[in-house]
file coords_37.txt (compact mmCIF, C-alpha atoms)
# COMPACT_ATOMS: atom_id res chain seq x y z
CA MET A 1 37.35 11.62 234.77
CA LYS A 2 37.57 10.58 238.38
CA PRO A 3 34.71 12.05 240.43
CA ALA A 4 31.26 10.49 240.54
CA PRO A 5 28.61 12.50 238.65
CA PHE A 6 27.29 15.66 240.26
CA LYS A 7 25.38 18.78 239.32
CA TYR A 8 27.59 21.87 238.96
CA ILE A 9 26.15 25.28 239.70
CA ALA A 10 28.23 28.46 239.57
CA ALA A 11 26.73 30.78 242.19
CA SER A 12 26.00 34.25 240.82
CA SER A 13 25.80 35.89 244.26
CA LEU A 14 26.20 35.00 247.93
CA HIS A 15 22.42 35.01 248.20
CA HIS A 16 22.22 32.55 245.30
CA ALA A 17 24.85 30.28 246.89
CA LEU A 18 23.06 30.27 250.24
CA SER A 19 19.62 29.59 248.68
CA LEU A 20 21.11 26.65 246.79
CA LYS A 21 22.65 25.32 250.01
CA ALA A 22 19.30 25.72 251.78
CA GLU A 23 17.73 23.68 248.98
CA TYR A 24 20.34 20.89 248.78
CA GLY A 25 21.58 20.79 252.39
CA ASP A 26 24.15 18.08 253.13
CA GLU A 27 23.90 16.76 249.56
CA ALA A 28 25.71 19.83 248.23
CA ARG A 29 29.19 21.14 248.92
CA PHE A 30 30.56 24.60 248.33
CA LEU A 31 33.47 24.58 245.90
CA ALA A 32 36.08 27.17 246.88
CA GLY A 33 39.76 26.41 246.19
CA GLY A 34 38.96 22.70 245.83
CA GLN A 35 42.38 21.63 247.10
CA SER A 36 40.87 19.22 249.65
CA LEU A 37 37.42 18.62 248.17
CA ILE A 38 38.48 17.68 244.62
CA PRO A 39 41.06 15.08 245.79
CA ALA A 40 38.38 13.57 248.03
CA MET A 41 36.02 13.49 245.05
CA ASN A 42 38.74 12.04 242.79
CA PHE A 43 39.08 9.19 245.30
CA ARG A 44 35.26 9.08 245.55
CA LEU A 45 35.57 9.54 249.29
CA ALA A 46 33.22 12.47 248.73
CA ARG A 47 30.22 12.11 246.41
CA PRO A 48 28.21 15.30 246.65
CA THR A 49 25.03 15.49 244.57
CA ALA A 50 25.78 19.10 243.74
CA LEU A 51 28.73 21.47 243.80
CA ILE A 52 28.00 25.14 244.37
CA ASP A 53 30.97 27.00 242.91
CA ILE A 54 31.60 30.20 244.88
CA ASN A 55 34.81 31.20 243.07
CA GLY A 56 33.04 34.04 241.28
CA LEU A 57 31.98 35.73 244.53
CA ASN A 58 34.65 38.42 244.73
CA GLU A 59 32.93 40.01 247.72
CA LEU A 60 34.16 37.03 249.76
CA ALA A 61 37.81 37.60 248.85
CA ARG A 62 38.49 40.86 250.65
CA ILE A 63 40.82 41.73 253.52
CA GLU A 64 39.64 44.69 255.59
CA ARG A 65 40.86 46.43 258.72
CA SER A 66 38.22 47.89 261.02
CA GLN A 67 38.71 51.07 263.05
CA ASP A 68 39.51 49.11 266.21
CA GLY A 69 42.25 47.25 264.39
CA GLU A 70 40.34 44.03 263.79
CA ILE A 71 41.37 42.26 260.58
CA ARG A 72 38.47 40.75 258.64
CA VAL A 73 39.35 38.23 256.01
CA GLY A 74 36.79 37.03 253.48
CA ALA A 75 36.47 33.25 253.34
CA LEU A 76 37.43 33.04 249.66
CA THR A 77 40.79 34.79 250.19
CA ARG A 78 43.50 32.53 248.80
CA TYR A 79 46.67 31.66 250.73
CA ARG A 80 48.68 33.40 248.04
CA ALA A 81 46.78 36.66 248.53
CA LEU A 82 47.48 36.50 252.27
CA GLU A 83 51.14 35.72 251.61
CA ARG A 84 51.50 38.78 249.36
CA ASP A 85 49.67 41.25 251.62
CA SER A 86 52.40 42.79 253.76
CA ALA A 87 49.93 44.84 255.84
CA PHE A 88 48.00 41.68 256.67
CA LEU A 89 51.16 39.77 257.61
CA LYS A 90 52.28 42.65 259.82
CA ASN A 91 48.96 42.59 261.67
CA CYS A 92 48.71 38.79 261.78
CA PRO A 93 52.35 37.67 261.99
CA LEU A 94 51.41 34.07 262.88
CA PHE A 95 50.37 33.77 259.23
CA ALA A 96 53.79 34.93 258.07
CA ASP A 97 55.28 32.01 260.02
CA ALA A 98 52.68 29.46 258.99
CA LEU A 99 51.87 30.11 255.32
CA PRO A 100 55.17 28.77 253.93
CA HIS A 101 54.37 25.46 255.66
CA ILE A 102 51.06 25.12 253.84
CA ALA A 103 51.56 22.75 250.91
CA HIS A 104 53.24 24.21 247.82
CA PRO A 105 52.91 27.33 245.63
CA GLN A 106 50.50 25.63 243.20
CA ILE A 107 48.18 24.71 246.08
CA ARG A 108 48.51 28.12 247.73
CA ASN A 109 47.45 29.78 244.47
CA ARG A 110 44.05 28.07 244.76
CA GLY A 111 43.42 27.13 248.40
CA THR A 112 41.33 29.51 250.50
CA ILE A 113 41.29 30.37 254.19
CA GLY A 114 37.57 29.65 254.49
CA GLY A 115 37.88 26.31 252.73
CA ASN A 116 40.75 25.33 254.98
CA LEU A 117 38.91 26.24 258.19
CA SER A 118 35.63 24.64 257.07
CA HIS A 119 37.47 21.44 256.14
CA ALA A 120 39.04 21.37 259.64
CA ASP A 121 41.90 19.02 258.99
CA PRO A 122 43.51 18.37 262.39
CA ALA A 123 47.04 18.54 260.94
CA SER A 124 46.35 21.90 259.30
CA GLU A 125 48.03 25.04 260.60
CA LEU A 126 45.22 27.57 260.21
CA PRO A 127 42.66 26.08 262.62
CA ALA A 128 45.29 26.17 265.40
CA ILE A 129 46.18 29.75 264.47
CA ALA A 130 42.53 30.81 264.40
CA VAL A 131 42.08 29.43 267.93
CA ALA A 132 45.34 31.01 269.16
CA MET A 133 44.30 34.39 267.74
CA GLN A 134 40.78 34.06 269.20
CA ALA A 135 39.28 34.58 265.76
CA ARG A 136 35.55 34.99 265.32
CA MET A 137 33.92 33.08 262.50
CA ARG A 138 31.10 34.85 260.69
CA ILE A 139 28.62 32.33 259.38
CA LYS A 140 25.74 32.99 257.02
CA SER A 141 22.72 31.09 255.79
CA ALA A 142 19.69 32.02 253.72
CA LYS A 143 17.91 32.69 257.02
CA GLY A 144 20.46 34.92 258.71
CA GLU A 145 23.85 35.30 260.23
CA ARG A 146 25.69 34.32 263.39
CA GLN A 147 29.18 34.39 264.84
CA VAL A 148 31.09 31.78 266.74
CA VAL A 149 34.54 31.92 268.30
CA ALA A 150 37.18 29.68 266.77
CA SER A 151 37.56 27.58 269.93
CA GLU A 152 33.92 26.52 269.59
CA PHE A 153 33.94 26.28 265.80
CA PHE A 154 36.25 23.26 265.65
CA GLN A 155 34.49 20.26 267.10
CA GLY A 156 36.49 17.23 266.04
CA LEU A 157 37.97 15.35 263.13
CA LEU A 158 36.92 17.24 259.97
CA THR A 159 33.95 18.49 261.97
CA THR A 160 32.93 22.09 262.63
CA ASP A 161 29.96 23.92 264.05
CA LEU A 162 28.74 24.68 260.48
CA GLN A 163 25.24 23.41 259.81
CA ALA A 164 24.13 21.93 256.48
CA HIS A 165 22.63 25.19 255.23
CA GLU A 166 25.46 27.46 256.37
CA MET A 167 28.65 28.98 254.94
CA LEU A 168 31.66 30.42 256.71
CA VAL A 169 31.90 33.85 255.04
CA GLU A 170 34.47 35.80 257.05
CA ILE A 171 37.10 35.33 259.72
CA ALA A 172 37.77 38.24 262.07
CA PHE A 173 41.06 38.45 263.92
CA PRO A 174 40.95 40.86 266.86
CA ALA A 175 43.86 43.27 267.26
CA ALA A 176 46.48 41.92 269.65
CA PRO A 177 47.10 43.86 272.88
CA ALA A 178 50.28 45.95 273.14
CA ARG A 179 53.48 44.02 273.96
CA THR A 180 52.29 40.86 272.26
CA GLY A 181 54.63 38.52 270.41
CA THR A 182 53.69 35.48 268.39
CA CYS A 183 55.38 32.50 266.81
CA PHE A 184 54.29 29.45 264.84
CA MET A 185 56.61 26.51 264.30
CA GLU A 186 56.04 23.05 262.91
CA VAL A 187 57.82 19.83 262.05
CA ALA A 188 56.79 17.87 258.97
CA ARG A 189 58.50 15.03 257.15
CA ARG A 190 59.19 17.40 254.27
CA ARG A 191 58.30 21.06 253.77
CA GLY A 192 54.67 21.25 252.68
CA ASP A 193 53.69 17.86 254.08
CA PHE A 194 51.12 17.50 256.83
CA ALA A 195 52.44 18.55 260.23
CA ILE A 196 53.69 15.89 262.62
CA CYS A 197 53.15 18.62 265.16
CA GLY A 198 52.84 22.40 265.04
CA VAL A 199 52.66 24.98 267.82
CA ALA A 200 51.18 28.48 267.75
CA ALA A 201 52.24 30.70 270.66
CA VAL A 202 50.79 34.13 271.49
CA VAL A 203 52.49 35.86 274.43
CA THR A 204 51.58 39.19 276.02
CA VAL A 205 53.75 40.79 278.70
CA ASP A 206 53.00 43.71 281.05
CA ASP A 207 55.04 46.92 281.18
CA GLN A 208 57.46 45.22 283.58
CA GLY A 209 58.04 42.40 281.10
CA ARG A 210 56.07 39.83 283.14
CA CYS A 211 53.81 37.39 281.26
CA SER A 212 50.19 38.49 281.42
CA GLN A 213 48.80 36.13 278.79
CA LEU A 214 50.08 33.09 276.94
CA ARG A 215 48.04 31.07 274.50
CA LEU A 216 49.41 27.84 273.12
CA VAL A 217 47.53 25.90 270.45
CA LEU A 218 48.84 22.79 268.73
CA CYS A 219 47.99 21.14 265.43
CA GLY A 220 48.59 17.55 264.32
CA VAL A 221 48.31 16.01 267.78
CA GLY A 222 44.54 15.58 268.20
CA ASP A 223 41.24 15.39 266.30
CA ALA A 224 41.04 19.18 266.30
CA PRO A 225 43.31 22.05 267.35
CA VAL A 226 44.52 21.35 270.90
CA ASP A 227 44.41 24.36 273.22
CA ALA A 228 47.19 23.80 275.75
CA SER A 229 47.16 27.33 277.17
CA ALA A 230 46.45 25.95 280.66
CA ALA A 231 50.02 24.65 280.69
CA ALA A 232 51.20 28.25 280.88
CA ALA A 233 49.31 29.16 284.08
CA SER A 234 52.51 28.94 286.14
CA LEU A 235 54.09 31.68 284.00
CA MET A 236 51.44 34.33 284.62
CA GLY A 237 52.71 37.40 286.45
CA ARG A 238 56.30 36.19 286.17
CA HIS A 239 59.29 36.83 284.01
CA ALA A 240 59.67 33.80 281.78
CA SER A 241 62.99 32.18 282.55
CA GLY A 242 64.41 29.35 280.50
CA GLU A 243 63.50 26.85 283.25
CA ALA A 244 59.95 28.20 283.51
CA ILE A 245 59.43 27.78 279.76
CA GLU A 246 60.84 24.27 280.00
CA ALA A 247 58.27 23.48 282.69
CA VAL A 248 55.47 24.78 280.41
CA ALA A 249 56.74 22.55 277.61
CA ALA A 250 56.73 19.54 279.96
CA ASP A 251 53.15 20.35 280.98
CA VAL A 252 52.12 20.54 277.31
CA GLN A 253 53.66 17.10 276.75
CA GLY A 254 51.55 15.77 279.61
CA MET A 255 48.34 17.37 278.34
CA ILE A 256 48.27 16.07 274.77
CA GLU A 257 47.31 12.60 273.56
CA PRO A 258 48.68 12.27 270.05
CA SER A 259 47.62 9.14 268.21
CA GLY A 260 50.71 8.75 266.01
CA ASN A 261 50.72 8.34 262.25
CA VAL A 262 52.76 6.72 259.51
CA HIS A 263 55.60 9.20 260.03
CA ALA A 264 55.67 9.51 263.82
CA THR A 265 54.91 7.50 266.94
CA PRO A 266 52.86 9.18 269.69
CA ASP A 267 56.04 9.47 271.80
CA TYR A 268 57.86 11.24 269.00
CA GLN A 269 54.94 13.65 268.47
CA ARG A 270 54.96 14.37 272.21
CA HIS A 271 58.69 14.99 272.12
CA ILE A 272 58.32 17.39 269.18
CA ALA A 273 55.44 19.18 270.91
CA GLY A 274 57.71 19.87 273.90
CA VAL A 275 60.64 21.08 271.82
CA LEU A 276 58.47 23.30 269.61
CA THR A 277 56.62 24.77 272.61
CA GLN A 278 59.89 25.74 274.20
CA ARG A 279 61.24 27.29 271.01
CA ALA A 280 58.00 29.01 269.95
CA VAL A 281 57.43 30.60 273.37
CA GLY A 282 61.06 31.71 273.47
CA ALA A 283 60.84 33.20 269.98
CA ALA A 284 57.51 34.94 270.71
CA LEU A 285 59.01 36.56 273.85
CA GLU A 286 62.05 37.62 271.88
CA ARG A 287 59.80 39.29 269.31
CA VAL A 288 58.06 41.28 272.07
CA ARG A 289 61.47 42.47 273.26
CA ASP A 290 62.62 43.28 269.71
CA ALA A 291 59.49 45.32 269.05
CA ALA A 292 59.89 47.31 272.29
CA MET G 1 22.33 11.10 236.98
CA GLN G 2 22.25 12.27 233.37
CA PRO G 3 25.34 14.21 232.31
CA GLU G 4 24.56 17.88 232.01
CA PRO G 5 26.87 19.58 229.52
CA HIS G 6 28.09 23.08 230.30
CA ASP G 7 29.20 25.41 227.53
CA ILE G 8 32.61 26.86 228.24
CA GLU G 9 34.95 29.22 226.44
CA LEU G 10 38.57 29.50 227.43
CA SER G 11 41.91 30.49 226.01
CA VAL G 12 44.83 28.06 225.99
CA ASN G 13 48.19 29.40 224.82
CA GLY G 14 46.39 32.25 223.10
CA THR G 15 43.89 30.11 221.18
CA THR G 16 40.23 30.38 222.10
CA TYR G 17 38.30 27.13 222.47
CA ARG G 18 34.57 26.61 222.90
CA ARG G 19 33.40 23.24 224.13
CA ALA G 20 30.54 21.58 226.00
CA VAL G 21 31.79 19.64 229.03
CA GLU G 22 30.25 17.39 231.63
CA SER G 23 30.62 18.88 235.10
CA ARG G 24 32.84 16.11 236.44
CA ILE G 25 35.53 16.36 233.72
CA LEU G 26 38.79 17.42 235.36
CA LEU G 27 40.68 20.23 233.67
CA SER G 28 43.69 17.93 233.20
CA ASP G 29 41.58 15.37 231.30
CA PHE G 30 39.85 18.10 229.32
CA LEU G 31 43.18 19.47 228.10
CA ARG G 32 44.42 16.03 227.09
CA HIS G 33 41.30 14.36 225.72
CA ASP G 34 39.14 17.20 224.44
CA LEU G 35 41.74 19.70 223.30
CA LEU G 36 44.32 17.00 222.48
CA LEU G 37 47.00 18.95 224.32
CA ALA G 38 48.65 15.89 225.80
CA GLY G 39 51.82 17.69 226.91
CA THR G 40 50.18 18.20 230.29
CA HIS G 41 50.82 14.94 232.11
CA VAL G 42 48.62 13.31 234.71
CA GLY G 43 50.36 11.59 237.59
CA CYS G 44 48.66 11.14 240.94
CA GLU G 45 45.36 12.87 240.17
CA HIS G 46 45.02 14.09 243.73
CA GLY G 47 47.27 17.11 243.84
CA VAL G 48 50.49 15.63 245.19
CA CYS G 49 52.87 15.10 242.26
CA GLY G 50 52.62 18.36 240.31
CA ALA G 51 52.94 16.69 236.87
CA CYS G 52 49.70 18.34 235.69
CA THR G 53 50.72 21.89 236.68
CA ILE G 54 49.52 24.54 234.22
CA LEU G 55 49.21 28.33 234.45
CA LEU G 56 45.75 29.70 235.21
CA ASP G 57 45.76 33.44 234.46
CA GLY G 58 49.54 33.29 234.86
CA SER G 59 49.68 31.40 238.18
CA PRO G 60 50.70 27.76 238.49
CA VAL G 61 47.89 25.45 239.61
CA ARG G 62 47.20 21.71 239.63
CA SER G 63 44.95 21.02 236.65
CA CYS G 64 43.81 17.73 238.27
CA LEU G 65 42.29 19.72 241.15
CA MET G 66 40.13 21.90 238.94
CA LEU G 67 37.07 21.08 236.93
CA ALA G 68 37.13 21.96 233.25
CA VAL G 69 33.93 23.95 233.73
CA GLN G 70 35.78 26.15 236.25
CA ALA G 71 38.20 27.26 233.53
CA ASN G 72 35.37 29.02 231.72
CA GLY G 73 36.47 32.57 230.87
CA HIS G 74 40.07 32.05 232.00
CA GLU G 75 43.43 32.16 230.22
CA LEU G 76 45.51 29.02 230.48
CA SER G 77 49.08 28.26 229.48
CA THR G 78 50.42 24.76 228.98
CA VAL G 79 53.79 23.36 228.00
CA GLU G 80 52.75 23.43 224.33
CA GLY G 81 52.86 27.23 224.47
CA LEU G 82 56.37 27.60 225.87
CA ALA G 83 58.50 27.36 222.73
CA ASN G 84 58.39 30.08 220.05
CA SER G 85 56.25 29.48 216.99
CA ASP G 86 59.49 28.94 215.03
CA GLY G 87 60.42 26.12 217.42
CA GLU G 88 63.01 27.97 219.50
CA LEU G 89 62.86 26.59 223.04
CA HIS G 90 61.98 28.77 226.02
CA PRO G 91 65.14 29.47 228.10
CA VAL G 92 63.79 27.17 230.83
CA GLN G 93 63.33 24.34 228.31
CA GLN G 94 66.74 24.97 226.78
CA ALA G 95 68.39 24.90 230.20
CA MET G 96 66.66 21.62 231.12
CA HIS G 97 68.01 20.18 227.86
CA ASP G 98 71.53 21.55 228.39
CA HIS G 99 71.78 20.41 232.03
CA HIS G 100 70.20 16.99 231.56
CA GLY G 101 67.36 18.05 233.86
CA LEU G 102 65.10 15.21 232.76
CA GLN G 103 65.33 11.48 232.30
CA CYS G 104 61.94 9.85 231.75
CA GLY G 105 60.37 13.28 231.25
CA TYR G 106 57.05 12.51 232.90
CA CYS G 107 57.30 15.30 235.47
CA THR G 108 58.97 17.77 233.10
CA ALA G 109 55.95 19.64 231.73
CA GLY G 110 54.74 20.41 235.26
CA ILE G 111 58.19 21.53 236.33
CA LEU G 112 58.53 23.80 233.29
CA MET G 113 55.20 25.49 234.00
CA THR G 114 55.90 25.92 237.72
CA MET G 115 59.36 27.32 237.11
CA THR G 116 58.62 29.68 234.20
CA ALA G 117 56.09 31.43 236.44
CA PHE G 118 58.53 31.38 239.36
CA LEU G 119 61.42 32.83 237.38
CA GLN G 120 59.25 35.60 235.98
CA GLU G 121 58.38 36.61 239.51
CA ASN G 122 61.85 36.06 240.95
CA PRO G 123 64.49 36.65 238.25
CA LEU G 124 67.42 36.34 240.67
CA PRO G 125 66.63 33.35 242.88
CA SER G 126 68.99 31.67 245.34
CA GLU G 127 69.47 27.91 245.11
CA HIS G 128 67.34 27.59 248.25
CA GLU G 129 64.50 29.56 246.63
CA VAL G 130 64.70 27.37 243.53
CA ARG G 131 64.43 24.23 245.66
CA GLU G 132 61.53 25.74 247.60
CA ALA G 133 59.76 26.63 244.34
CA LEU G 134 60.31 23.08 243.05
CA SER G 135 58.96 21.49 246.23
CA GLY G 136 55.50 20.91 244.75
CA ASN G 137 56.79 18.87 241.80
CA LEU G 138 57.95 15.32 242.29
CA CYS G 139 60.69 13.86 240.10
CA ARG G 140 61.68 10.25 240.67
CA CYS G 141 64.56 10.09 238.17
CA THR G 142 66.94 12.97 238.52
CA GLY G 143 67.45 13.56 242.22
CA TYR G 144 66.67 17.20 241.39
CA GLN G 145 70.28 18.41 241.28
CA ASN G 146 70.35 18.84 237.49
CA ILE G 147 66.95 20.53 237.58
CA VAL G 148 68.22 23.01 240.14
CA ASP G 149 71.33 23.64 238.02
CA ALA G 150 69.10 24.13 234.96
CA MET G 151 66.86 26.63 236.74
CA LEU G 152 69.77 28.73 237.97
CA ALA G 153 71.16 28.76 234.41
CA ALA G 154 67.72 29.59 232.98
CA ALA G 155 67.37 32.48 235.41
CA GLN G 156 70.67 33.86 234.18
CA ALA G 157 69.71 33.38 230.52
CA MET G 158 66.38 35.13 231.09
CA ARG G 159 68.11 38.03 232.86
CA THR G 160 70.55 38.38 229.96
CA ALA G 161 67.74 38.28 227.38
CA ALA G 162 65.59 40.84 229.21
CA PRO G 163 67.77 42.87 231.57
call {"tool": "encode", "arguments": {"input": "coords_37.txt", "output": "structure tokens"}}
result
Amino acid sequence: MKPAPFKYIAASSLHHALSLKAEYGDEARFLAGGQSLIPAMNFRLARPTALIDINGLNELARIERSQDGEIRVGALTRYRALERDSAFLKNCPLFADALPHIAHPQIRNRGTIGGNLSHADPASELPAIAVAMQARMRIKSAKGERQVVASEFFQGLLTTDLQAHEMLVEIAFPAAPARTGTCFMEVARRRGDFAICGVAAVVTVDDQGRCSQLRLVLCGVGDAPVDASAAAASLMGRHASGEAIEAVAADVQGMIEPSGNVHATPDYQRHIAGVLTQRAVGAALERVRDAA
Amino acid sequence: MQPEPHDIELSVNGTTYRRAVESRILLSDFLRHDLLLAGTHVGCEHGVCGACTILLDGSPVRSCLMLAVQANGHELSTVEGLANSDGELHPVQQAMHDHHGLQCGYCTAGILMTMTAFLQENPLPSEHEVREALSGNLCRCTGYQNIVDAMLAAAQAMRTAAP
């Protein structure tokens, strides 16, 4: 046995889980996939008084498509379920690029999208993708419900907008406009390791093939996902030439302040960010052309 | 805090067990210490090495990243259940033996559980897919080459046995 003692409660309904959280507040943690929480508890870096197990709440593990094309993913949906849902991957192709980078099959069989986003690891792929896709986070508590956009949800190192009594219950990904291409790329020391740097690119072009929107969000190079979309301002209304994309990549390199880690110096992370930006934007544009 | 036992009932390799467990007992420790199924090995205990991999309702998971109480009502498979009751090895075990896919053997149980599930899902894997599937299991002895050889041979044996 590794974790410090705690009280275990298997929630019988979402209402039950939220009432327990209202009662225990910060002292309790929700147990979803447990792939980040249990290691932290095994190291005793986390010592919750109570664990509220939400694994039985099947209503939180659904993927739905609304009439306007929005994809709504329940927080308890496991990576593996996303990976195996071809309709979901077709609608949210950034996930098709990113999921193979997330740890290993054994972890993906347990880990959940809501757990990942609530944990807010800065090297994790999904927070960057949620910001790039302008996802809306649906948050519930015993008292009510609210929504917050992904860019405001992530507030810093392992820190989100979630309050002590709240749970992230659903993530809604709006349908992409026509002529949109996406790409996620990352570099890690080995496949499945934490990203040294990752880049999510979402490009929309007009009917003349000129860039009308480009969102660029990076993981692994800050305390939270880094939105570097401003670097693409020079591309708007223009056809993206190789030189123009290179200039965007250089701007991204200037915007980020990576802190370095055991596998990479800040300069190396900056270098990778530039290379990946160039490749990801190029690939996203190519996908728009291929789809046309 | 006083330990609060939880009554659980689960199936491991087809046998039903009923036990009372403290909430903080990890599934890996429960299998080894309570059920005395010590074939599941415990390496890093934080989800990195894969030695403790078991099948939960048929899917490989890290048993060190689950609580025993969470296994209540589930069906588990461990390395003890791989061979036939008459002792005939599972094709994946036999191939590991034939290809010298283990040296110290510490990681082997986890690799066997990961790869039996993988080969059931993908009976005709490429070498790249085998390496990808193995990526969550660390082996410090073999350099992996013999394990990869064993898995490709096991895939063929399993295809021949159940075409």
call {"tool": "interface_residues", "arguments": {"input": "coords_37.txt", "of": "chain G", "to": "chain A", "cutoff": "8 Å", "atoms": "all atoms listed in the file", "output": "MDAnalysis selection string"}}
result
chainID G and resid 1 3:4 23:26 29 45:47 53 59:62 65:66 114 133 135:136
call {"tool": "atom_distance", "arguments": {"input": "coords_37.txt", "atom1": "CA of Ala244 (chain A)", "atom2": "CA of Val275 (chain A)"}}
result
13.7 Å
call {"tool": "closest_residue", "arguments": {"input": "coords_37.txt", "among": "A:Asp161, A:Glu170, A:Asp68, A:Asp85", "to": "Ile113 (chain A)", "atoms": "all atoms listed in the file"}}
result
A:Glu170
call {"tool": "closest_residue", "arguments": {"input": "coords_37.txt", "among": "G:Val69, G:Ala162, G:Leu82, G:Leu10", "to": "Pro123 (chain G)", "atoms": "all atoms listed in the file"}}
result
G:Ala162
call {"tool": "closest_residue", "arguments": {"input": "coords_37.txt", "among": "G:Arg18, G:Leu37, G:Gln94, G:Val48", "to": "Phe194 (chain A)", "atoms": "only C-alpha atoms"}}
result
G:Val48
call {"tool": "closest_residue", "arguments": {"input": "coords_37.txt", "among": "G:Ala109, G:His99, G:Asp57, G:Asn84", "to": "Ala38 (chain G)", "atoms": "all atoms listed in the file"}}
result
G:Ala109
call {"tool": "closest_residue", "arguments": {"input": "coords_37.txt", "among": "G:Cys49, G:Ala154, G:Ala20, G:Ile111", "to": "Leu134 (chain G)", "atoms": "only C-alpha atoms"}}
result
G:Ile111
call {"tool": "closest_residue", "arguments": {"input": "coords_37.txt", "among": "A:Asp206, A:Asp223, A:Glu83, A:Asp267", "to": "Ala240 (chain A)", "atoms": "only C-alpha atoms"}}
result
A:Asp206
call {"tool": "residues_near_point", "arguments": {"input": "coords_37.txt", "point": "(57.8, 18.9, 235.0)", "cutoff": "10 Å", "atoms": "all atoms listed in the file", "output": "list in words"}}
result
Thr40, His41, Cys49, Gly50, Ala51, Cys52, Thr53, Val79, Gly101, Leu102, Gly105, Tyr106, Cys107, Thr108, Ala109, Gly110, Ile111, Leu112, Met113, Thr114, Met115, Leu134, Asn137, Leu138, Cys139 and Ile147 of chain G
call {"tool": "atom_distance", "arguments": {"input": "coords_37.txt", "atom1": "CA of Ser229 (chain A)", "atom2": "CA of His263 (chain A)"}}
result
26.3 Å
call {"tool": "residues_around", "arguments": {"input": "coords_37.txt", "residues": "Leu36 (chain G)", "least_positions_apart": "5", "cutoff": "12 Å", "atoms": "all atoms listed in the file", "output": "ChimeraX atom specification"}}
result
/G:12,17,28-31,41,78,80
call {"tool": "residues_around", "arguments": {"input": "coords_37.txt", "residues": "region 198-204 of chain A", "least_positions_apart": "2", "cutoff": "6 Å", "atoms": "all atoms listed in the file", "output": "PyMOL selection string"}}
result
chain A and resi 179-186+211-219+281
